[in-house]
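Q: My structure is below; once you've seen it, I'll send some questions.
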Amino acid sequence: MRRLRQLAERTPATRERYVDLLRALAITMVVLGHWGVTVIGYDRSGRPAGHSALGDLPWAWPLTWVAQVIPVFFLVGGYANAASLAARRSRGGTATGWLVDRSARLARPTTALLVVLAAGAAVATLRGADPAQVRTVVWFATIPLWFLVAYLVVVPLTPPMYALHRRFGLVVPVVLVGLVALGDLGRIWGPPGLATGNYVFGWLAVHQLGFAWYDSRTRGRPAGGAAEPRGLRRRRLPLSRTAGTALLTGGLVALVLLTVVGPYPVAMLNVPGERLDNAAPPSLALLAVTTAQLGLILLLREPAGRWLRRPRPWQAVIAVNAVVLTVFLWHLTAAVLLVGLLDALGTLPTPPVGSAAWWGWRIPWLLALSVVLAALVAVFGPIEARTRRPPDTGPAREGARRLRTALAVLGYAGLVAGLLLNSLTRKTAPEPLGLPAPALVAYLAGAGVLRLLRSGWGSRG
């Protein structure tokens, strides 16, 4: 508590605390949403199995317009990435140094998760467990990594995309939305492969809005107090309540037209049997939800900002943000552990979806999961919370600078390749380590390269 008070007291007056609150709320809602919508039962072999309850609760599909908050995370990610990149450059740092620094907060807690899961899977396999069943358990625990794949693509694109934003402003997300629309045409009428780019274009569009928010807060001035460049207004995101009302109304109208009248599913989360998944890849309907959510965010910005000036709420936000990725990464592992424990004790409830017993089980289920997750965060949270930014290094020779840039990109490519390969590998594949060995090797190689660069290797050349 003392350290939290110290951090709260040292918070600069210019910090947009609302961004930190939104990040904490978004991850909390993702965790509670996953836990709350999960149905636990037994498969034909008598083993515990889980699936989403949304297929059995169509009345709840419109609720996903609020519950689908991954776009909020990309929005605040864009703000935070723009702010940290601008600060780095104001100190004379480089985009490569920023990229290497940014990787630590993402890679360290993720590496801990993968290593622990692989070690646990190896022990289970050596003790005679079916490798296919081991893979199923690990697959479920690593579902959150699909989001991290997209974010690890967006982060290294921040320097060039922020440069585009500084040049063209809100024109950039408009173009990206057009590309998403083109991909959706492929999903609906073919060819389906045309939509592959939506995994990048959709999240980049939301990320760009975070840039615009940051420039609006700083009035577009480069760090250090330089004069406002020409064309500033087209980079700003209107932050007024009027703009919030317009975005909320426009987003909801577009959403109703796209889902109720148009061909898109109402649910913004995956529902088995639906023709499209609005989030994988992001669709126009999801971007309409993002627009409405952005409007609501702007409407609540001023009262939330006043509330966050109070010491206790701000300390709570700081505490959550210190371990926010750890919470996200381990929340389904907590579910795996709790289900395994209750099954071993013969006390695992499996009431039918929508029954009174099922609804009654939601509260104790969430409370029990919270206890398990709290224990996991207590163990693994310090890995994320203790990540520190290294001191800025001096200027490097041109050859060393280019080498570091190439290695940083290669390191991120290894992270993305490893996580993507794991997500694409079927959940019943016989994997003794729970994770595909090539995926684990690629990820750890990428993390190792970035760790080497972070230690300062090659900074002087």
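Letters A, B, ... go to the chains of the structure tokens in the order shown; residues in each chain start at 1; ligands are counted from 1 in the same order.
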Using only C-alpha atoms, I'd like a table of the residues in region 115-203 of chain A that come within 9 Å of region 87-101 of chain A; for each, show the closest atom pair and its distance in Å rounded to one decimal, ordered by chain and ascending number, as a tab-separated table.

A:
residue	atom	partner	partner_atom	distance
A:Val155	CA	A:Leu99	CA	7.6
A:Pro156	CA	A:Leu99	CA	6.4
A:Thr158	CA	A:Leu99	CA	8.8
A:Pro159	CA	A:Ala95	CA	6.4

Q: Near Tyr162 (chain A), counting only C-alpha atoms, which residues have an atom at most 12 Å away, once you skip same-chain residues fewer than 5 positions from it, shown as an MDAnalysis selection string?

A: chainID A and resid 78:86 95 154:157 167:170 172:173 204:205 207:212 214:215 235

Q: Please list as a list in words every residue within 8 Å of Ala279 (chain A), counting only C-alpha atoms and excluding residues in the same chain fewer than 5 positions away.

A: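 Using only C-alpha atoms, the neighbours found are Met268, Leu269, Asn270 and Leu286 of chain A.
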
Q: I'd like to know which residues of region 326-382 of chain A are helix (DSSP H, G or I) (by DSSP, run on the backbone); could you write them as a PyMOL selection string?

A: chain A and resi 326-345+356-382

Q: Return the single residue from A:Val200, A:Ala49, A:Glu16, A:Ala141 that is closest to Val76 (chain A), with distances computed using only C-alpha atoms.

A: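 Using only C-alpha atoms, Val76 (chain A) sits closest to A:Glu16.
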
Q: Using 10 Å as the limit and counting only C-alpha atoms, can you tabulate each residue of region 310-424 of chain A that touches region 5-15 of chain A, with its shortest atom-to-atom distance in Å and the two atoms involved, as a tab-separated table?

A:
residue	atom	partner	partner_atom	distance
A:Arg310	CA	A:Ala8	CA	9.7
A:Pro311	CA	A:Ala8	CA	7.0
A:Arg312	CA	A:Arg5	CA	8.7
A:Pro313	CA	A:Ala8	CA	9.9
A:Trp314	CA	A:Ala8	CA	6.7
A:Gln315	CA	A:Ala8	CA	6.0
A:Ala316	CA	A:Ala8	CA	9.6
A:Val317	CA	A:Ala8	CA	9.6
A:Ile318	CA	A:Ala8	CA	7.6
A:Ala319	CA	A:Leu7	CA	9.8

Q: Hey, what's within 10 Å of Leu453 (chain A) if we count only C-alpha atoms and toss same-chain stuff fewer than 3 positions away? As a list in words, please?

A: Thr96, Gly97, Val100, Asp101, Arg404, Thr405, Leu407, Ala408, Gly411, Ala447, Gly448, Val449, Leu450, Gly456, Trp457, Gly458 and Ser459 of chain A

Q: Contacts of region 189-193 of chain A at 12 Å or less, counting only C-alpha atoms, minus same-chain residues fewer than 6 places along, as a PyMOL selection string?

A: chain A and resi 182-183+199+263+275-276+281

Q: When you count only C-alpha atoms, which of these residues is closest to Thr350 (chain A): A:Val31, A:Ala195, A:Val253, A:Val39?

A: A:Val39

Q: Could you give me, as a PyMOL selection string, the residues within 7 Å of Val271 (chain A), counting only C-alpha atoms and dropping anything in the same chain fewer than 3 positions from it?

A: chain A and resi 54-55+274

Q: Residues as selected, all heavy atoms, written as a CSV table (one decimal), in the first residue's frame, can you do that?

A:
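Wrote it out as part35.csv, contents follow:
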chain,number,residue,atom,x,y,z
A,54,LEU,N,-23.3,-19.0,-25.1
A,54,LEU,CA,-24.0,-18.0,-26.0
A,54,LEU,C,-24.9,-18.8,-27.0
A,54,LEU,O,-25.9,-18.2,-27.4
A,54,LEU,CB,-23.0,-17.2,-26.7
A,54,LEU,CG,-22.4,-16.0,-25.9
A,54,LEU,CD1,-21.4,-15.3,-26.7
A,54,LEU,CD2,-23.5,-15.1,-25.4
A,55,GLY,N,-24.5,-19.9,-27.5
A,55,GLY,CA,-25.3,-20.7,-28.4
A,55,GLY,C,-26.7,-21.0,-27.9
A,55,GLY,O,-27.6,-21.2,-28.6
A,274,GLU,N,-22.8,-19.8,-36.3
A,274,GLU,CA,-23.0,-18.6,-37.0
A,274,GLU,C,-22.1,-18.5,-38.2
A,274,GLU,O,-21.0,-19.0,-38.2
A,274,GLU,CB,-22.8,-17.4,-36.1
A,274,GLU,CG,-23.8,-17.1,-35.1
A,274,GLU,CD,-25.1,-16.6,-35.7
A,274,GLU,OE1,-25.1,-15.9,-36.6
A,274,GLU,OE2,-26.2,-17.1,-35.2

Q: With only C-alpha atoms as the counted atoms, please give the residues lying no more than 8 Å from Gly446 (chain A), apart from itself and same-chain residues fewer than 4 positions off, as a short mmCIF file (atom, residue, chain, number, x, y, z; two decimals) with C-alpha atoms, in the first residue's frame.

A:
data_model
loop_
_atom_site.label_atom_id
_atom_site.label_comp_id
_atom_site.auth_asym_id
_atom_site.auth_seq_id
_atom_site.Cartn_x
_atom_site.Cartn_y
_atom_site.Cartn_z
CA LEU A 410 13.01 -10.68 -36.14
CA GLY A 411 12.38 -11.05 -32.42
CA TYR A 412 8.79 -9.86 -32.74
CA ALA A 413 8.33 -12.15 -35.74
CA GLY A 414 9.43 -15.09 -33.58
CA LEU A 415 6.91 -14.17 -30.87
CA ALA A 442 9.98 -19.93 -32.33
CA LEU A 450 14.60 -9.28 -27.70
#

Q: May I ask which of the residues A:Ala26, A:Ala163, A:Ala280, A:Val441 is the closest one to Asn321 (chain A), counting only C-alpha atoms?

A: A:Ala26

Q: For Tyr151 (chain A), which residue out of A:Leu373, A:Ile70, A:Ala124, A:Val134 is the nearest one, using only C-alpha atoms?

A: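 Comparing A:Leu373, A:Ile70, A:Ala124, A:Val134 against Tyr151 (chain A), the winner is A:Ile70.
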
Q: What does the distance from CA of Ile40 (chain A) to CA of Leu337 (chain A) come to in Å, to one decimal?

A: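 So the two atoms, CA of Ile40 (chain A) and CA of Leu337 (chain A), lie 12.9 Å apart.
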
Q: Considering only C-alpha atoms, can you say which of A:Ala67, A:Arg3, A:Arg401, A:Glu384 comes closest to Ser103 (chain A)?

A: A:Glu384

Q: Any idea what the distance is between CA of Leu440 (chain A) and CA of Pro48 (chain A)?

A: 26.2 Å

Q: Of the residues A:Arg135, A:Arg451, A:Arg362, A:Arg217, which is the one nearest to Val37 (chain A), using only C-alpha atoms?

A: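 Checking each candidate against Val37 (chain A), we get A:Arg362 as the closest.
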
Q: Using Å and a single decimal, report how far CA of Asp277 (chain A) sits from CA of Thr259 (chain A).

A: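 Separation between CA of Thr259 (chain A) and CA of Asp277 (chain A): 12.1 Å.
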